[in-house]
$ cat run.cif   # mmCIF, C-alpha atoms
data_work
#
loop_
_atom_site.label_atom_id
_atom_site.label_comp_id
_atom_site.auth_asym_id
_atom_site.auth_seq_id
_atom_site.Cartn_x
_atom_site.Cartn_y
_atom_site.Cartn_z
CA MET A 5 0.00 0.00 0.00
CA THR A 6 1.29 3.46 -0.92
CA SER A 7 1.47 6.08 1.83
CA THR A 8 -0.23 9.44 1.35
CA TYR A 9 1.13 12.69 2.75
CA ALA A 10 -0.58 16.08 2.98
CA SER A 11 -0.18 19.73 3.84
CA ALA A 12 -2.85 22.44 3.95
CA GLY A 13 -3.02 26.17 4.46
CA THR A 14 -4.79 29.43 3.75
CA ALA A 15 -3.97 32.85 2.31
CA ASP A 16 -5.82 36.17 2.46
CA ILE A 17 -6.95 37.32 -1.00
CA THR A 18 -8.99 40.33 0.13
CA PRO A 19 -8.40 43.21 -2.34
CA GLU A 20 -5.83 45.77 -1.20
CA THR A 21 -7.58 48.58 -3.10
CA ALA A 22 -11.22 49.29 -3.88
CA VAL A 23 -12.21 47.41 -7.04
CA PRO A 24 -15.52 46.42 -8.68
CA LEU A 25 -17.15 43.22 -7.46
CA ALA A 26 -18.32 40.40 -9.71
CA GLY A 27 -21.78 38.91 -9.63
CA SER A 28 -24.16 41.57 -10.88
CA GLU A 29 -24.36 43.56 -14.07
CA PHE A 30 -26.22 46.28 -12.15
CA ARG A 31 -23.52 46.85 -9.51
CA THR A 32 -20.81 48.70 -11.43
CA GLY A 33 -18.96 50.76 -8.81
CA VAL A 34 -16.17 49.72 -6.47
CA PHE A 35 -16.91 48.20 -3.07
CA GLN A 36 -17.43 50.59 -0.17
CA ARG A 37 -16.28 48.44 2.75
CA ILE A 38 -15.10 44.94 3.61
CA ALA A 39 -17.59 42.84 5.58
CA ASP A 40 -15.58 39.59 5.50
CA ARG A 41 -12.08 38.76 4.34
CA LEU A 42 -11.67 36.62 1.22
CA GLU A 43 -9.38 33.62 1.35
CA ALA A 44 -7.73 30.95 -0.71
CA ASN A 45 -7.37 27.49 0.79
CA ALA A 46 -5.01 24.86 -0.53
CA LEU A 47 -4.40 21.17 0.05
CA VAL A 48 -1.30 19.41 -1.26
CA LEU A 49 -1.37 15.62 -1.48
CA ARG A 50 1.54 13.44 -2.45
CA GLN A 51 1.92 9.71 -2.86
CA GLU A 52 4.47 8.97 -5.53
CA GLY A 53 5.54 11.39 -8.23
CA ALA A 54 4.04 14.84 -8.73
CA PRO A 55 1.91 16.40 -6.01
CA ILE A 56 -1.82 16.92 -6.43
CA VAL A 57 -2.94 20.42 -5.45
CA PHE A 58 -6.49 21.49 -4.63
CA VAL A 59 -7.18 25.22 -4.32
CA SER A 60 -10.50 26.79 -3.34
CA VAL A 61 -10.97 30.55 -3.53
CA ASP A 62 -13.64 32.95 -2.29
CA LEU A 63 -14.49 34.17 -5.79
CA MET A 64 -17.51 33.92 -8.08
CA PHE A 65 -15.52 31.86 -10.57
CA VAL A 66 -11.87 31.00 -11.16
CA GLY A 67 -11.25 31.83 -14.82
CA GLN A 68 -8.43 30.81 -17.12
CA GLU A 69 -6.35 33.91 -16.33
CA LEU A 70 -6.06 32.96 -12.67
CA ARG A 71 -5.34 29.29 -13.34
CA SER A 72 -2.72 30.10 -16.00
CA GLY A 73 -1.16 32.79 -13.82
CA VAL A 74 -0.69 30.38 -10.93
CA LEU A 75 0.61 27.57 -13.15
CA ASP A 76 3.11 29.92 -14.85
CA ARG A 77 4.45 31.07 -11.49
CA LEU A 78 4.72 27.53 -10.11
CA GLY A 79 6.74 26.40 -13.13
CA THR A 80 7.46 22.69 -13.12
CA ALA A 81 6.62 22.24 -9.42
CA VAL A 82 2.98 21.42 -10.22
CA PRO A 83 1.93 19.96 -13.61
CA ASP A 84 -1.21 21.32 -15.25
CA GLU A 85 -3.08 18.06 -14.73
CA SER A 86 -2.27 18.10 -10.99
CA LEU A 87 -3.83 21.50 -10.17
CA PHE A 88 -7.53 21.60 -9.30
CA PHE A 89 -9.29 24.93 -8.68
CA ALA A 90 -12.76 25.61 -7.23
CA ALA A 91 -14.59 28.81 -6.35
CA SER A 92 -17.13 29.38 -3.58
CA HIS A 93 -19.26 31.33 -6.09
CA THR A 94 -19.63 34.40 -3.91
CA HIS A 95 -21.19 37.43 -5.55
CA PHE A 96 -19.13 39.68 -3.27
CA ALA A 97 -15.61 39.27 -4.65
CA PRO A 98 -13.82 40.86 -7.61
CA ALA A 99 -13.69 39.17 -11.01
CA THR A 100 -10.58 37.25 -12.07
CA ASP A 101 -11.72 36.54 -15.62
CA ASP A 102 -12.21 39.19 -18.30
CA ARG A 103 -14.45 36.98 -20.47
CA ARG A 104 -17.56 37.78 -18.38
CA PRO A 105 -17.64 41.60 -18.28
CA ARG A 106 -21.39 41.77 -17.60
CA LEU A 107 -20.75 40.02 -14.29
CA GLY A 108 -18.05 42.48 -13.26
CA ARG A 109 -14.98 44.08 -14.78
CA MET A 110 -11.69 42.39 -13.97
CA ASP A 111 -9.04 44.58 -12.37
CA PRO A 112 -5.60 43.31 -13.53
CA ARG A 113 -4.03 44.43 -10.22
CA TYR A 114 -6.39 42.20 -8.27
CA LEU A 115 -5.77 39.26 -10.59
CA GLU A 116 -2.03 39.75 -10.03
CA GLN A 117 -2.56 39.89 -6.25
CA VAL A 118 -4.54 36.64 -6.20
CA CYS A 119 -2.03 34.88 -8.48
CA GLU A 120 0.83 35.91 -6.18
CA ARG A 121 -0.97 34.94 -2.97
CA VAL A 122 -2.12 31.54 -4.26
CA THR A 123 1.30 30.79 -5.73
CA GLY A 124 2.96 31.78 -2.46
CA LEU A 125 0.61 29.55 -0.50
CA VAL A 126 1.11 26.52 -2.74
CA SER A 127 4.89 27.06 -2.89
CA ARG A 128 5.05 27.21 0.92
CA LEU A 129 3.00 24.02 1.25
CA LEU A 130 5.27 22.22 -1.24
CA ARG A 131 8.34 23.20 0.84
CA GLU A 132 6.86 22.28 4.22
CA PRO A 133 7.15 18.77 5.60
CA LEU A 134 4.07 16.79 4.67
CA VAL A 135 2.26 14.78 7.32
CA PRO A 136 0.78 11.29 6.92
CA ALA A 137 -2.84 11.37 5.76
CA THR A 138 -5.62 8.90 5.16
CA ILE A 139 -7.91 9.34 2.18
CA GLU A 140 -11.26 7.60 2.05
CA HIS A 141 -13.87 7.51 -0.67
CA VAL A 142 -17.52 7.36 0.29
CA GLN A 143 -20.57 7.66 -1.90
CA GLY A 144 -24.16 8.60 -1.20
CA GLN A 145 -27.15 10.55 -2.37
CA ALA A 146 -28.42 13.87 -1.04
CA ASN A 147 -32.10 14.60 -1.52
CA HIS A 148 -32.07 18.10 -0.09
CA ALA A 149 -31.29 21.58 -1.46
CA VAL A 150 -32.29 20.85 -5.03
CA ASN A 151 -35.23 23.23 -5.17
CA ARG A 152 -33.74 25.34 -7.97
CA ARG A 153 -33.16 22.33 -10.16
CA LEU A 154 -36.53 20.62 -9.92
CA ARG A 155 -38.98 21.10 -12.76
CA THR A 156 -41.89 22.97 -11.22
CA ARG A 157 -44.80 24.92 -12.61
CA TRP A 158 -45.33 28.24 -10.96
CA HIS A 159 -48.86 29.55 -10.85
CA LEU A 160 -48.86 33.26 -10.33
CA SER A 161 -52.04 34.87 -9.09
CA ARG A 162 -53.10 38.11 -10.67
#

$ encode --input "run.cif" --output "structure tokens"
Amino acid sequence: MTSTYASAGTADITPETAVPLAGSEFRTGVFQRIADRLEANALVLRQEGAPIVFVSVDLMFVGQELRSGVLDRLGTAVPDESLFFAASHTHFAPATDDRRPRLGRMDPRYLEQVCERVTGLVSRLLREPLVPATIEHVQGQANHAVNRRLRTRWHLSR
């Protein structure tokens, strides 16, 4: 049996300057205050060979610019097929993808900030000693929280 080792951490990706938020084509100005910090979380797993890296970010979506920016900075430390990104889909974070301008304009300075912070986090985790970890796979079915995906007829009263 092959041993698995892991390391995990977090980085603050809250904007350093006021920038537009993604998530609404009607909200076009910059944010006025910070209610909650935004963060990136990473998990590095290694068995044999290249590490597998999972990154979750408090953003509406990840976007190719962010993924490519992080991969370019990591160089050969993490192969493309070993980096997995996910976003929390918050509507209260800046955009990191310029292909969806109706959902919020991307500020290149913020994209650069997030790329640097995520790369720094992953690089630190790759350098740190990994600890033994156990990975289990379980499977099940959830029958809750699917109300927006069920086919339903709405009858509106006039």

$ residues_near_point --input "run.cif" --point "(-12.4, 39.9, -20.5)" --cutoff "12 Å" --atoms "all atoms listed in the file" --output "MDAnalysis selection string"
chainID A and resid 67:69 99:112 115

$ write_last_selection --input "run.cif" --atoms "C-alpha atoms" --output "short mmCIF file (atom, residue, chain, number, x, y, z; two decimals), in the frame of the given file"
data_model
loop_
_atom_site.label_atom_id
_atom_site.label_comp_id
_atom_site.auth_asym_id
_atom_site.auth_seq_id
_atom_site.Cartn_x
_atom_site.Cartn_y
_atom_site.Cartn_z
CA GLY A 67 -11.25 31.83 -14.82
CA GLN A 68 -8.43 30.81 -17.12
CA GLU A 69 -6.35 33.91 -16.33
CA ALA A 99 -13.69 39.17 -11.01
CA THR A 100 -10.58 37.25 -12.07
CA ASP A 101 -11.72 36.54 -15.62
CA ASP A 102 -12.21 39.19 -18.30
CA ARG A 103 -14.45 36.98 -20.47
CA ARG A 104 -17.56 37.78 -18.38
CA PRO A 105 -17.64 41.60 -18.28
CA ARG A 106 -21.39 41.77 -17.60
CA LEU A 107 -20.75 40.02 -14.29
CA GLY A 108 -18.05 42.48 -13.26
CA ARG A 109 -14.98 44.08 -14.78
CA MET A 110 -11.69 42.39 -13.97
CA ASP A 111 -9.04 44.58 -12.37
CA PRO A 112 -5.60 43.31 -13.53
CA LEU A 115 -5.77 39.26 -10.59
#

$ closest_residue --input "run.cif" --among "A:Thr14, A:Gln51, A:Thr21, A:Ser72" --to "Cys119 (chain A)" --atoms "all atoms listed in the file"
A:Ser72

$ atom_distance --input "run.cif" --atom1 "CA of Glu116 (chain A)" --atom2 "CA of Val66 (chain A)"
13.2 Å

$ closest_residue --input "run.cif" --among "A:Gln36, A:Val48, A:Ala54, A:Ala90" --to "Ala10 (chain A)" --atoms "only C-alpha atoms"
A:Val48

$ atom_distance --input "run.cif" --atom1 "CA of Ala15 (chain A)" --atom2 "CA of Gln117 (chain A)"
11.2 Å

$ resolve_selection --input "run.cif" --expression "the PyMOL selection byres ((chain A and resi 83) around 12)" --output "mmCIF file with C-alpha atoms, in the frame of the given file"
data_model
loop_
_atom_site.group_PDB
_atom_site.id
_atom_site.type_symbol
_atom_site.label_atom_id
_atom_site.label_comp_id
_atom_site.auth_asym_id
_atom_site.auth_seq_id
_atom_site.Cartn_x
_atom_site.Cartn_y
_atom_site.Cartn_z
ATOM 1 C CA GLY A 53 5.540 11.390 -8.230
ATOM 2 C CA ALA A 54 4.040 14.840 -8.730
ATOM 3 C CA PRO A 55 1.910 16.400 -6.010
ATOM 4 C CA ILE A 56 -1.820 16.920 -6.430
ATOM 5 C CA VAL A 57 -2.940 20.420 -5.450
ATOM 6 C CA ARG A 71 -5.340 29.290 -13.340
ATOM 7 C CA SER A 72 -2.720 30.100 -16.000
ATOM 8 C CA VAL A 74 -0.690 30.380 -10.930
ATOM 9 C CA LEU A 75 0.610 27.570 -13.150
ATOM 10 C CA ASP A 76 3.110 29.920 -14.850
ATOM 11 C CA ARG A 77 4.450 31.070 -11.490
ATOM 12 C CA LEU A 78 4.720 27.530 -10.110
ATOM 13 C CA GLY A 79 6.740 26.400 -13.130
ATOM 14 C CA THR A 80 7.460 22.690 -13.120
ATOM 15 C CA ALA A 81 6.620 22.240 -9.420
ATOM 16 C CA VAL A 82 2.980 21.420 -10.220
ATOM 17 C CA ASP A 84 -1.210 21.320 -15.250
ATOM 18 C CA GLU A 85 -3.080 18.060 -14.730
ATOM 19 C CA SER A 86 -2.270 18.100 -10.990
ATOM 20 C CA LEU A 87 -3.830 21.500 -10.170
ATOM 21 C CA PHE A 88 -7.530 21.600 -9.300
#

$ resolve_selection --input "run.cif" --expression "the PyMOL selection byres ((chain A and resi 135) around 12)" --output "MDAnalysis selection string"
chainID A and resid 7:12 47:51 129:130 132:134 136:138

$ resolve_selection --input "run.cif" --expression "the PyMOL selection byres ((chain A and resi 61) around 7)" --output "list in words"
Glu43, Ala44, Asn45, Val59, Ser60, Asp62, Leu63, Ala90, Ala91 and Ser92 of chain A

$ closest_residue --input "run.cif" --among "A:Gly124, A:Gly144, A:Gly73, A:Pro98" --to "Ser28 (chain A)" --atoms "all atoms listed in the file"
A:Pro98

$ closest_residue --input "run.cif" --among "A:Ala39, A:Val34, A:Val142, A:Val122" --to "Ala22 (chain A)" --atoms "all atoms listed in the file"
A:Val34

$ decode --input "run.cif" --residues "region 44-58 of chain A" --atoms "all heavy atoms" --output "mmCIF file, in the first residue's frame"
data_model
loop_
_atom_site.group_PDB
_atom_site.id
_atom_site.type_symbol
_atom_site.label_atom_id
_atom_site.label_comp_id
_atom_site.auth_asym_id
_atom_site.auth_seq_id
_atom_site.Cartn_x
_atom_site.Cartn_y
_atom_site.Cartn_z
ATOM 1 N N ALA A 44 -8.042 32.102 0.134
ATOM 2 C CA ALA A 44 -7.730 30.948 -0.711
ATOM 3 C C ALA A 44 -7.283 29.845 0.230
ATOM 4 O O ALA A 44 -6.523 30.093 1.169
ATOM 5 C CB ALA A 44 -6.616 31.283 -1.696
ATOM 6 N N ASN A 45 -7.760 28.651 -0.001
ATOM 7 C CA ASN A 45 -7.366 27.487 0.793
ATOM 8 C C ASN A 45 -6.737 26.472 -0.146
ATOM 9 O O ASN A 45 -7.217 26.288 -1.262
ATOM 10 C CB ASN A 45 -8.580 26.873 1.487
ATOM 11 C CG ASN A 45 -9.209 27.845 2.448
ATOM 12 O OD1 ASN A 45 -8.637 28.152 3.472
ATOM 13 N ND2 ASN A 45 -10.383 28.355 2.100
ATOM 14 N N ALA A 46 -5.685 25.840 0.323
ATOM 15 C CA ALA A 46 -5.008 24.859 -0.533
ATOM 16 C C ALA A 46 -4.708 23.585 0.250
ATOM 17 O O ALA A 46 -4.436 23.625 1.453
ATOM 18 C CB ALA A 46 -3.716 25.436 -1.094
ATOM 19 N N LEU A 47 -4.750 22.487 -0.470
ATOM 20 C CA LEU A 47 -4.402 21.172 0.054
ATOM 21 C C LEU A 47 -3.439 20.535 -0.934
ATOM 22 O O LEU A 47 -3.732 20.458 -2.128
ATOM 23 C CB LEU A 47 -5.654 20.298 0.202
ATOM 24 C CG LEU A 47 -5.439 18.819 0.522
ATOM 25 C CD1 LEU A 47 -4.839 18.647 1.914
ATOM 26 C CD2 LEU A 47 -6.743 18.051 0.382
ATOM 27 N N VAL A 48 -2.292 20.113 -0.441
ATOM 28 C CA VAL A 48 -1.302 19.413 -1.264
ATOM 29 C C VAL A 48 -1.267 17.968 -0.815
ATOM 30 O O VAL A 48 -1.092 17.681 0.379
ATOM 31 C CB VAL A 48 0.100 20.053 -1.124
ATOM 32 C CG1 VAL A 48 1.144 19.214 -1.846
ATOM 33 C CG2 VAL A 48 0.094 21.476 -1.652
ATOM 34 N N LEU A 49 -1.450 17.053 -1.746
ATOM 35 C CA LEU A 49 -1.369 15.620 -1.483
ATOM 36 C C LEU A 49 -0.227 15.036 -2.299
ATOM 37 O O LEU A 49 -0.003 15.439 -3.437
ATOM 38 C CB LEU A 49 -2.670 14.916 -1.874
ATOM 39 C CG LEU A 49 -3.931 15.324 -1.134
ATOM 40 C CD1 LEU A 49 -5.141 14.634 -1.751
ATOM 41 C CD2 LEU A 49 -3.822 15.000 0.340
ATOM 42 N N ARG A 50 0.467 14.089 -1.706
ATOM 43 C CA ARG A 50 1.543 13.437 -2.447
ATOM 44 C C ARG A 50 1.587 11.961 -2.052
ATOM 45 O O ARG A 50 1.535 11.622 -0.885
ATOM 46 C CB ARG A 50 2.887 14.095 -2.148
ATOM 47 C CG ARG A 50 4.008 13.555 -3.034
ATOM 48 C CD ARG A 50 5.369 14.124 -2.666
ATOM 49 N NE ARG A 50 5.474 15.546 -2.792
ATOM 50 C CZ ARG A 50 5.919 16.182 -3.881
ATOM 51 N NH1 ARG A 50 6.247 15.504 -4.938
ATOM 52 N NH2 ARG A 50 6.035 17.481 -3.887
ATOM 53 N N GLN A 51 1.649 11.127 -3.064
ATOM 54 C CA GLN A 51 1.924 9.709 -2.858
ATOM 55 C C GLN A 51 3.265 9.430 -3.503
ATOM 56 O O GLN A 51 4.282 9.484 -2.841
ATOM 57 C CB GLN A 51 0.818 8.833 -3.445
ATOM 58 C CG GLN A 51 -0.432 8.814 -2.621
ATOM 59 C CD GLN A 51 -1.461 7.844 -3.142
ATOM 60 O OE1 GLN A 51 -1.496 7.523 -4.330
ATOM 61 N NE2 GLN A 51 -2.316 7.379 -2.265
ATOM 62 N N GLU A 52 3.241 9.154 -4.762
ATOM 63 C CA GLU A 52 4.469 8.973 -5.528
ATOM 64 C C GLU A 52 4.418 9.959 -6.685
ATOM 65 O O GLU A 52 3.358 10.238 -7.226
ATOM 66 C CB GLU A 52 4.568 7.539 -6.059
ATOM 67 C CG GLU A 52 4.633 6.495 -4.965
ATOM 68 C CD GLU A 52 4.503 5.083 -5.519
ATOM 69 O OE1 GLU A 52 4.183 4.911 -6.711
ATOM 70 O OE2 GLU A 52 4.709 4.147 -4.742
ATOM 71 N N GLY A 53 5.537 10.489 -7.080
ATOM 72 C CA GLY A 53 5.540 11.393 -8.229
ATOM 73 C C GLY A 53 5.086 12.792 -7.891
ATOM 74 O O GLY A 53 5.275 13.283 -6.787
ATOM 75 N N ALA A 54 4.444 13.439 -8.864
ATOM 76 C CA ALA A 54 4.041 14.843 -8.734
ATOM 77 C C ALA A 54 2.968 15.006 -7.665
ATOM 78 O O ALA A 54 2.127 14.126 -7.466
ATOM 79 C CB ALA A 54 3.532 15.358 -10.074
ATOM 80 N N PRO A 55 2.962 16.152 -6.992
ATOM 81 C CA PRO A 55 1.909 16.401 -6.007
ATOM 82 C C PRO A 55 0.587 16.689 -6.701
ATOM 83 O O PRO A 55 0.544 17.074 -7.865
ATOM 84 C CB PRO A 55 2.414 17.655 -5.280
ATOM 85 C CG PRO A 55 3.228 18.360 -6.311
ATOM 86 C CD PRO A 55 3.888 17.271 -7.122
ATOM 87 N N ILE A 56 -0.493 16.515 -5.973
ATOM 88 C CA ILE A 56 -1.819 16.919 -6.425
ATOM 89 C C ILE A 56 -2.213 18.102 -5.545
ATOM 90 O O ILE A 56 -2.122 18.030 -4.319
ATOM 91 C CB ILE A 56 -2.838 15.773 -6.312
ATOM 92 C CG1 ILE A 56 -2.416 14.617 -7.216
ATOM 93 C CG2 ILE A 56 -4.235 16.260 -6.662
ATOM 94 C CD1 ILE A 56 -3.272 13.382 -7.062
ATOM 95 N N VAL A 57 -2.636 19.196 -6.172
ATOM 96 C CA VAL A 57 -2.938 20.420 -5.446
ATOM 97 C C VAL A 57 -4.386 20.821 -5.682
ATOM 98 O O VAL A 57 -4.828 20.946 -6.828
ATOM 99 C CB VAL A 57 -1.994 21.569 -5.891
ATOM 100 C CG1 VAL A 57 -2.331 22.853 -5.162
ATOM 101 C CG2 VAL A 57 -0.541 21.175 -5.668
ATOM 102 N N PHE A 58 -5.116 21.003 -4.588
ATOM 103 C CA PHE A 58 -6.486 21.493 -4.627
ATOM 104 C C PHE A 58 -6.497 22.898 -4.049
ATOM 105 O O PHE A 58 -5.971 23.118 -2.954
ATOM 106 C CB PHE A 58 -7.412 20.602 -3.787
ATOM 107 C CG PHE A 58 -7.534 19.197 -4.296
ATOM 108 C CD1 PHE A 58 -6.695 18.205 -3.814
ATOM 109 C CD2 PHE A 58 -8.491 18.864 -5.246
ATOM 110 C CE1 PHE A 58 -6.804 16.903 -4.278
ATOM 111 C CE2 PHE A 58 -8.603 17.564 -5.715
ATOM 112 C CZ PHE A 58 -7.758 16.583 -5.225
#
